[in-house]
Amino acid sequence: MGRIMAIVLVLCFVGHARADGHLPDEMAVKAIKASAATWSVLYAKRDLDTLMTLYHPDAKLFSNGQPGLFGRDAIRGYFAESFKNTTGANIDFKVEDITVFGDVANLVSLYIMEIDVGKDAPVVVAGRSMLMYKRDASGNWLIFADMDNQAPDATVQAFKDARR
C-alpha cells in the first residue's frame, strides 16, 4: 500500500507541471524563497561574485535614499563599495507576500539589517523590500528589480512581532 501511495503522490506532482515545463506556482514560490535566503547568506559572507549571479543582467536596484542603478555592473559596484565601507552585515527577512505571474514574480518582505561599521554597536536598519523576479530560459528565478525603503510600519519592532 505504501508503494502505491508513493506512486500516486509522484503522479499528482507531475500532473501539476505546466505544459511549457515550468514548475507550478507553489514550486516557484519555494524557489524564490530559497533565492532570497541565499541572497541573505551571500550578502553576509560578502561573496560578491556569487551574489551577482542572483541578479538578471538588466536588473535595477532602488535602495532607500540612493539613486537608481541599472544593470548588473552598476549593482556590483554599489555592493562592492558597501562592502568596502563596512566590516560586516547580517540581514534577516520575513516574507509578507509572493505573487507569481507566469515567468515574473514579486516578493514583498520586512527586513532587518545589522551593519557593522567598525564602531561599538552595529547600525540597525529595518524596512520593507520588494523584489521582482524573472524566470530565465533555464528556469532560474533572477532578481530583475530590487527596491527597499524605510517606512513607518516597517520597524525593528514590526519585524520582531512578525517573527512571533
# chains A, B, ... in the order shown; residues from 1 in each chain; ligands from 1
$ residues_around --residues "A:Trp141" --least-positions-apart "4" --cutoff "9 Å" --atoms "only C-alpha atoms" --output "VMD selection string"
chain A and resid 28 31 to 32 35 54 to 56 103 to 105 133 to 136
$ closest_atom_pairs --of "stretch 56-76 of chain A" --to "stretch 119-132 of chain A" --cutoff "10 Å" --atoms "only C-alpha atoms" --output "Markdown table"
| residue | atom | partner | partner_atom | distance |
| --- | --- | --- | --- | --- |
| A:Ala59 | CA | A:Met132 | CA | 9.3 |
| A:Lys60 | CA | A:Met132 | CA | 9.5 |
| A:Leu61 | CA | A:Leu131 | CA | 9.3 |
| A:Phe62 | CA | A:Ser129 | CA | 9.7 |
| A:Ser63 | CA | A:Ser129 | CA | 9.1 |
| A:Asn64 | CA | A:Gly127 | CA | 9.2 |
$ select_by_dssp --residues "stretch 28-89 of chain A" --states "strand (DSSP E or B)" --output "list in words"
Tyr55, His56, Pro57, Asp58, Ala59, Lys60, Leu61, Phe62, Leu69, Phe70, Gly88 and Ala89 of chain A
$ atom_distance --atom1 "atom CA of A:Lys94" --atom2 "atom CA of A:Leu110"
5.2 Å
$ residues_around --residues "A:Phe79" --least-positions-apart "5" --cutoff "9 Å" --atoms "only C-alpha atoms" --output "mmCIF file with C-alpha atoms, in the first residue's frame"
data_model
loop_
_atom_site.group_PDB
_atom_site.id
_atom_site.type_symbol
_atom_site.label_atom_id
_atom_site.label_comp_id
_atom_site.auth_asym_id
_atom_site.auth_seq_id
_atom_site.Cartn_x
_atom_site.Cartn_y
_atom_site.Cartn_z
ATOM 1 C CA TYR A 43 25.463 39.196 1.428
ATOM 2 C CA ARG A 46 30.325 39.317 1.257
ATOM 3 C CA LEU A 48 30.039 39.500 -4.373
ATOM 4 C CA ALA A 74 26.241 49.123 -11.609
ATOM 5 C CA LYS A 84 34.449 48.218 1.397
#
$ select_by_dssp --residues "stretch 26-89 of chain A" --states "helix (DSSP H, G or I)" --output "VMD selection string"
chain A and resid 26 to 45 48 to 52 72 to 84
$ residues_around --residues "A:Ala37" --least-positions-apart "6" --cutoff "12 Å" --atoms "only C-alpha atoms" --output "mmCIF file with all heavy atoms, in the first residue's frame"
data_model
loop_
_atom_site.group_PDB
_atom_site.id
_atom_site.type_symbol
_atom_site.label_atom_id
_atom_site.label_comp_id
_atom_site.auth_asym_id
_atom_site.auth_seq_id
_atom_site.Cartn_x
_atom_site.Cartn_y
_atom_site.Cartn_z
ATOM 1 N N LYS A 30 8.578 28.387 -3.642
ATOM 2 C CA LYS A 30 9.672 27.770 -2.883
ATOM 3 C C LYS A 30 11.028 28.164 -3.453
ATOM 4 O O LYS A 30 11.966 28.455 -2.701
ATOM 5 C CB LYS A 30 9.523 26.246 -2.883
ATOM 6 C CG LYS A 30 8.414 25.750 -1.997
ATOM 7 C CD LYS A 30 8.320 24.238 -2.032
ATOM 8 C CE LYS A 30 7.133 23.764 -1.203
ATOM 9 N NZ LYS A 30 6.973 22.309 -1.249
ATOM 10 N N ALA A 31 11.145 28.175 -4.781
ATOM 11 C CA ALA A 31 12.411 28.545 -5.421
ATOM 12 C C ALA A 31 12.761 30.002 -5.140
ATOM 13 O O ALA A 31 13.929 30.335 -4.886
ATOM 14 C CB ALA A 31 12.332 28.295 -6.928
ATOM 15 N N TYR A 43 25.202 37.824 1.013
ATOM 16 C CA TYR A 43 25.463 39.196 1.428
ATOM 17 C C TYR A 43 26.263 39.213 2.729
ATOM 18 O O TYR A 43 27.253 39.939 2.851
ATOM 19 C CB TYR A 43 24.153 39.963 1.594
ATOM 20 C CG TYR A 43 24.351 41.433 1.829
ATOM 21 C CD1 TYR A 43 24.444 42.318 0.758
ATOM 22 C CD2 TYR A 43 24.478 41.944 3.119
ATOM 23 C CE1 TYR A 43 24.647 43.679 0.967
ATOM 24 C CE2 TYR A 43 24.683 43.291 3.338
ATOM 25 C CZ TYR A 43 24.767 44.160 2.268
ATOM 26 O OH TYR A 43 24.972 45.492 2.479
ATOM 27 N N ALA A 44 25.862 38.417 3.692
ATOM 28 C CA ALA A 44 26.566 38.353 4.975
ATOM 29 C C ALA A 44 28.004 37.850 4.791
ATOM 30 O O ALA A 44 28.920 38.328 5.455
ATOM 31 C CB ALA A 44 25.814 37.462 5.954
ATOM 32 N N LEU A 51 26.836 36.477 -5.340
ATOM 33 C CA LEU A 51 25.656 37.324 -5.155
ATOM 34 C C LEU A 51 25.168 37.865 -6.492
ATOM 35 O O LEU A 51 23.964 37.875 -6.769
ATOM 36 C CB LEU A 51 25.985 38.476 -4.199
ATOM 37 C CG LEU A 51 24.849 39.421 -3.847
ATOM 38 C CD1 LEU A 51 23.773 38.703 -3.034
ATOM 39 C CD2 LEU A 51 25.390 40.617 -3.074
ATOM 40 N N LEU A 54 22.666 36.026 -8.768
ATOM 41 C CA LEU A 54 21.237 36.030 -8.443
ATOM 42 C C LEU A 54 20.494 37.147 -9.169
ATOM 43 O O LEU A 54 19.265 37.179 -9.149
ATOM 44 C CB LEU A 54 21.038 36.171 -6.931
ATOM 45 C CG LEU A 54 21.674 35.089 -6.065
ATOM 46 C CD1 LEU A 54 21.418 35.396 -4.592
ATOM 47 C CD2 LEU A 54 21.150 33.712 -6.435
ATOM 48 N N ASN A 90 24.567 41.616 8.635
ATOM 49 C CA ASN A 90 23.644 40.477 8.628
ATOM 50 C C ASN A 90 22.270 41.013 8.291
ATOM 51 O O ASN A 90 21.890 42.093 8.744
ATOM 52 C CB ASN A 90 23.617 39.784 9.986
ATOM 53 C CG ASN A 90 24.892 39.014 10.244
ATOM 54 O OD1 ASN A 90 25.327 38.236 9.408
ATOM 55 N ND2 ASN A 90 25.510 39.243 11.378
ATOM 56 N N ILE A 91 21.547 40.254 7.516
ATOM 57 C CA ILE A 91 20.197 40.657 7.153
ATOM 58 C C ILE A 91 19.272 39.470 7.362
ATOM 59 O O ILE A 91 19.634 38.327 7.085
ATOM 60 C CB ILE A 91 20.131 41.183 5.697
ATOM 61 C CG1 ILE A 91 18.760 41.765 5.392
ATOM 62 C CG2 ILE A 91 20.531 40.129 4.705
ATOM 63 C CD1 ILE A 91 18.695 42.597 4.137
ATOM 64 N N ASP A 92 18.107 39.758 7.870
ATOM 65 C CA ASP A 92 17.068 38.739 8.027
ATOM 66 C C ASP A 92 15.793 39.330 7.456
ATOM 67 O O ASP A 92 15.629 40.552 7.417
ATOM 68 C CB ASP A 92 16.888 38.382 9.497
ATOM 69 C CG ASP A 92 16.127 37.076 9.700
ATOM 70 O OD1 ASP A 92 15.788 36.410 8.702
ATOM 71 O OD2 ASP A 92 15.864 36.735 10.862
ATOM 72 N N PHE A 93 14.921 38.484 6.988
ATOM 73 C CA PHE A 93 13.688 38.981 6.389
ATOM 74 C C PHE A 93 12.519 38.082 6.733
ATOM 75 O O PHE A 93 12.688 36.909 7.040
ATOM 76 C CB PHE A 93 13.826 39.135 4.878
ATOM 77 C CG PHE A 93 14.042 37.833 4.156
ATOM 78 C CD1 PHE A 93 12.981 37.149 3.606
ATOM 79 C CD2 PHE A 93 15.309 37.297 4.045
ATOM 80 C CE1 PHE A 93 13.168 35.947 2.959
ATOM 81 C CE2 PHE A 93 15.513 36.082 3.392
ATOM 82 C CZ PHE A 93 14.435 35.417 2.855
ATOM 83 N N LYS A 94 11.361 38.646 6.670
ATOM 84 C CA LYS A 94 10.102 37.924 6.875
ATOM 85 C C LYS A 94 9.254 38.182 5.642
ATOM 86 O O LYS A 94 8.853 39.309 5.369
ATOM 87 C CB LYS A 94 9.400 38.456 8.136
ATOM 88 C CG LYS A 94 7.930 38.094 8.269
ATOM 89 C CD LYS A 94 7.711 36.623 8.539
ATOM 90 C CE LYS A 94 6.268 36.299 8.835
ATOM 91 N NZ LYS A 94 5.447 36.014 7.696
ATOM 92 N N VAL A 95 9.019 37.141 4.873
ATOM 93 C CA VAL A 95 8.223 37.267 3.648
ATOM 94 C C VAL A 95 6.792 37.625 4.018
ATOM 95 O O VAL A 95 6.174 36.966 4.848
ATOM 96 C CB VAL A 95 8.255 35.962 2.824
ATOM 97 C CG1 VAL A 95 7.291 36.036 1.646
ATOM 98 C CG2 VAL A 95 9.675 35.668 2.354
ATOM 99 N N SER A 109 8.754 41.787 1.530
ATOM 100 C CA SER A 109 9.159 41.303 2.847
ATOM 101 C C SER A 109 9.536 42.462 3.767
ATOM 102 O O SER A 109 9.907 43.543 3.311
ATOM 103 C CB SER A 109 10.349 40.347 2.732
ATOM 104 O OG SER A 109 11.491 41.023 2.247
ATOM 105 N N TYR A 111 12.358 43.525 6.467
ATOM 106 C CA TYR A 111 13.745 43.121 6.694
ATOM 107 C C TYR A 111 14.317 43.873 7.879
ATOM 108 O O TYR A 111 13.836 44.943 8.266
ATOM 109 C CB TYR A 111 14.609 43.349 5.448
ATOM 110 C CG TYR A 111 14.861 44.804 5.131
ATOM 111 C CD1 TYR A 111 15.904 45.511 5.726
ATOM 112 C CD2 TYR A 111 14.046 45.485 4.241
ATOM 113 C CE1 TYR A 111 16.128 46.841 5.445
ATOM 114 C CE2 TYR A 111 14.254 46.818 3.951
ATOM 115 C CZ TYR A 111 15.305 47.500 4.552
ATOM 116 O OH TYR A 111 15.511 48.821 4.277
#
$ closest_residue --among "A:Thr53, A:Ser40, A:Asn149, A:Thr87" --to "A:Ile115" --atoms "only C-alpha atoms"
A:Thr87
$ atom_distance --atom1 "atom CA of A:Met52" --atom2 "atom CA of A:Gly77"
10.5 Å
